[in-house]
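K.L.:
Got a structure for you, written out below as structure tokens; questions coming shortly.
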Amino acid sequence: NAGVTQTPKFQVLKTGQSMTLQCAQDMNHEYMSWYRQDPGMGLRLIHYSVGAGITDQGEVPNGYNVSRSTTEDFPLRLLSAAPSQTSVYFCASSTTRYEQYFGPGTRLTVT
Amino acid sequence: GENVEQHPSTLSVQEGDSAVIKCTYSDSASNYFPWYKQELGKRPQLIIDIRSNVGEKKDQRIAVTLNKTAKHFSLHITETQPEDSAVYFCAAKDAGGTSYGKLTFGQGTILTVHP
């Protein structure tokens, strides 16, 4: 199993551009989520999904969209990138209500 | 919503000493408390967790204790080694009912173990 994978590893965007961060898992996990990590602020939940076709907002959802058309994939879309979205983004998945396993992360810089 | 406070923000110890990191949470409905270790440039890795029906859990040199009444839980690392140096995060989650709940993280503790 590859576990949780994320692409790209690094990305630089200009203000106003849009892009999609990809997340995939091959463990048949129902629960997937997106976090952003900023210095001194831990990890904050952006959006999460409890199964295909079901998504919900987390703590910091503004400026981001998600969809879950398959169990395996959970892409995160930035609609119009802003410098405040410069961060490291982690995707996570879980088969239970408990343990979550993180992907390797995407480092995003918005100039 | 849930609020998790973590202390200290930095912790420096000598190799072989013990390290303790403490977290408090606000939502009495939270019943799952994991700890993650994150090395520089890497993903967070689950190292130990505890559920609210248990007061203490050990795994070799690491242990976690939970005080539900006071709403705080702690990570204990004994006989620290330089490879324990990393950022440690606590988290809390309401895993009850039919919802998977949301994982709320503390701000992190930078642990440095000096040889």
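The chains in the structure tokens are called A, B, ... from first to last as shown; in each chain the residues are counted from 1, and the ligands are counted from 1 in the order shown.
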For a quick test of understanding: name the residues of chain A lying within 6 Å of chain B when counting only C-alpha atoms, and present them as a list of chain:residue names.

P.N.:
A:Gly40, A:Met41, A:Gly42, A:Leu43, A:Arg97, A:Pro104

K.L.:
From the DSSP assignment of the backbone, select every residue of chain B that is strand (DSSP E), and format the answer as a ChimeraX atom specification.

P.N.:
/B:4-7,10-14,19-25,32-38,45-51,56-59,62-67,72-77,86-93,103-105,109-114

K.L.:
Store the residues picked out above in a file with C-alpha atoms, as a CSV table (one decimal), in the first residue's frame.

P.N.:
```csv
chain,number,residue,atom,x,y,z
B,4,VAL,CA,-6.9,22.5,23.1
B,5,GLU,CA,-4.1,24.3,25.0
B,6,GLN,CA,-0.6,22.7,25.0
B,7,HIS,CA,2.4,23.6,27.3
B,10,THR,CA,9.5,24.5,23.9
B,11,LEU,CA,11.3,22.0,26.1
B,12,SER,CA,15.0,21.3,26.4
B,13,VAL,CA,16.3,18.2,28.3
B,14,GLN,CA,19.5,16.3,28.6
B,19,ALA,CA,10.1,15.0,29.4
B,20,VAL,CA,6.5,15.9,30.2
B,21,ILE,CA,4.1,17.8,27.9
B,22,LYS,CA,0.7,18.8,29.1
B,23,CYS,CA,-2.6,19.6,27.3
B,24,THR,CA,-5.9,20.8,28.5
B,25,TYR,CA,-9.2,20.6,26.5
B,32,TYR,CA,-10.2,10.4,22.2
B,33,PHE,CA,-6.7,11.9,22.7
B,34,PRO,CA,-3.9,11.2,20.3
B,35,TRP,CA,-0.3,12.4,20.4
B,36,TYR,CA,1.7,13.0,17.2
B,37,LYS,CA,5.4,13.4,16.6
B,38,GLN,CA,6.6,15.5,13.7
B,45,GLN,CA,3.1,10.5,13.0
B,46,LEU,CA,0.8,9.0,15.6
B,47,ILE,CA,2.9,7.8,18.6
B,48,ILE,CA,0.3,7.0,21.2
B,49,ASP,CA,-3.3,7.6,22.0
B,50,ILE,CA,-5.8,7.2,24.8
B,51,ARG,CA,-9.5,6.9,25.0
B,56,GLU,CA,-3.1,5.7,31.6
B,57,LYS,CA,-1.5,3.9,28.6
B,58,LYS,CA,2.2,3.0,28.1
B,59,ASP,CA,4.2,1.9,25.1
B,62,ILE,CA,6.3,6.8,26.3
B,63,ALA,CA,3.1,7.0,28.3
B,64,VAL,CA,0.0,9.1,28.3
B,65,THR,CA,-2.2,10.0,31.3
B,66,LEU,CA,-5.7,11.4,31.2
B,67,ASN,CA,-7.7,13.2,33.9
B,72,HIS,CA,-6.2,17.5,31.0
B,73,PHE,CA,-3.9,14.8,29.6
B,74,SER,CA,-0.1,14.5,29.5
B,75,LEU,CA,2.7,12.8,27.4
B,76,HIS,CA,5.6,11.4,29.4
B,77,ILE,CA,8.8,10.3,27.7
B,86,ALA,CA,10.9,16.8,17.3
B,87,VAL,CA,7.6,18.7,17.6
B,88,TYR,CA,4.9,17.0,19.5
B,89,PHE,CA,1.2,17.7,19.1
B,90,CYS,CA,-1.6,16.7,21.3
B,91,ALA,CA,-5.2,16.5,20.0
B,92,ALA,CA,-8.7,15.9,21.2
B,93,LYS,CA,-11.7,14.5,19.4
B,103,LEU,CA,-9.7,16.4,15.6
B,104,THR,CA,-8.6,19.6,17.3
B,105,PHE,CA,-4.8,20.1,17.8
B,109,THR,CA,5.9,21.5,21.7
B,110,ILE,CA,9.4,21.7,20.3
B,111,LEU,CA,11.4,19.0,22.3
B,112,THR,CA,15.2,19.2,22.1
B,113,VAL,CA,17.2,16.4,23.6
B,114,HIS,CA,20.9,17.3,24.1
```

K.L.:
Residues at most 9 Å from A:Ser67, counting only C-alpha atoms, excluding those fewer than 5 positions away in the same chain, as a VMD selection string?

P.N.:
chain A and resid 49 52 to 55 73 to 77

K.L.:
By how many Å are atom CA of A:Ser87 and atom CA of A:Thr71 apart?

P.N.:
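A separation of 25.8 Å between them.
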
K.L.:
Looking at only C-alpha atoms, which of A:Glu72, A:Glu59, A:Asp26, A:Asp38 is the one that sits closest to A:Thr109?

P.N.:
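Closest candidate: A:Asp38.
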
K.L.:
Separation of atom CA of A:Gln57 and atom CA of A:Pro83, in Å?

P.N.:
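Separation between atom CA of A:Gln57 and atom CA of A:Pro83: 21.3 Å.
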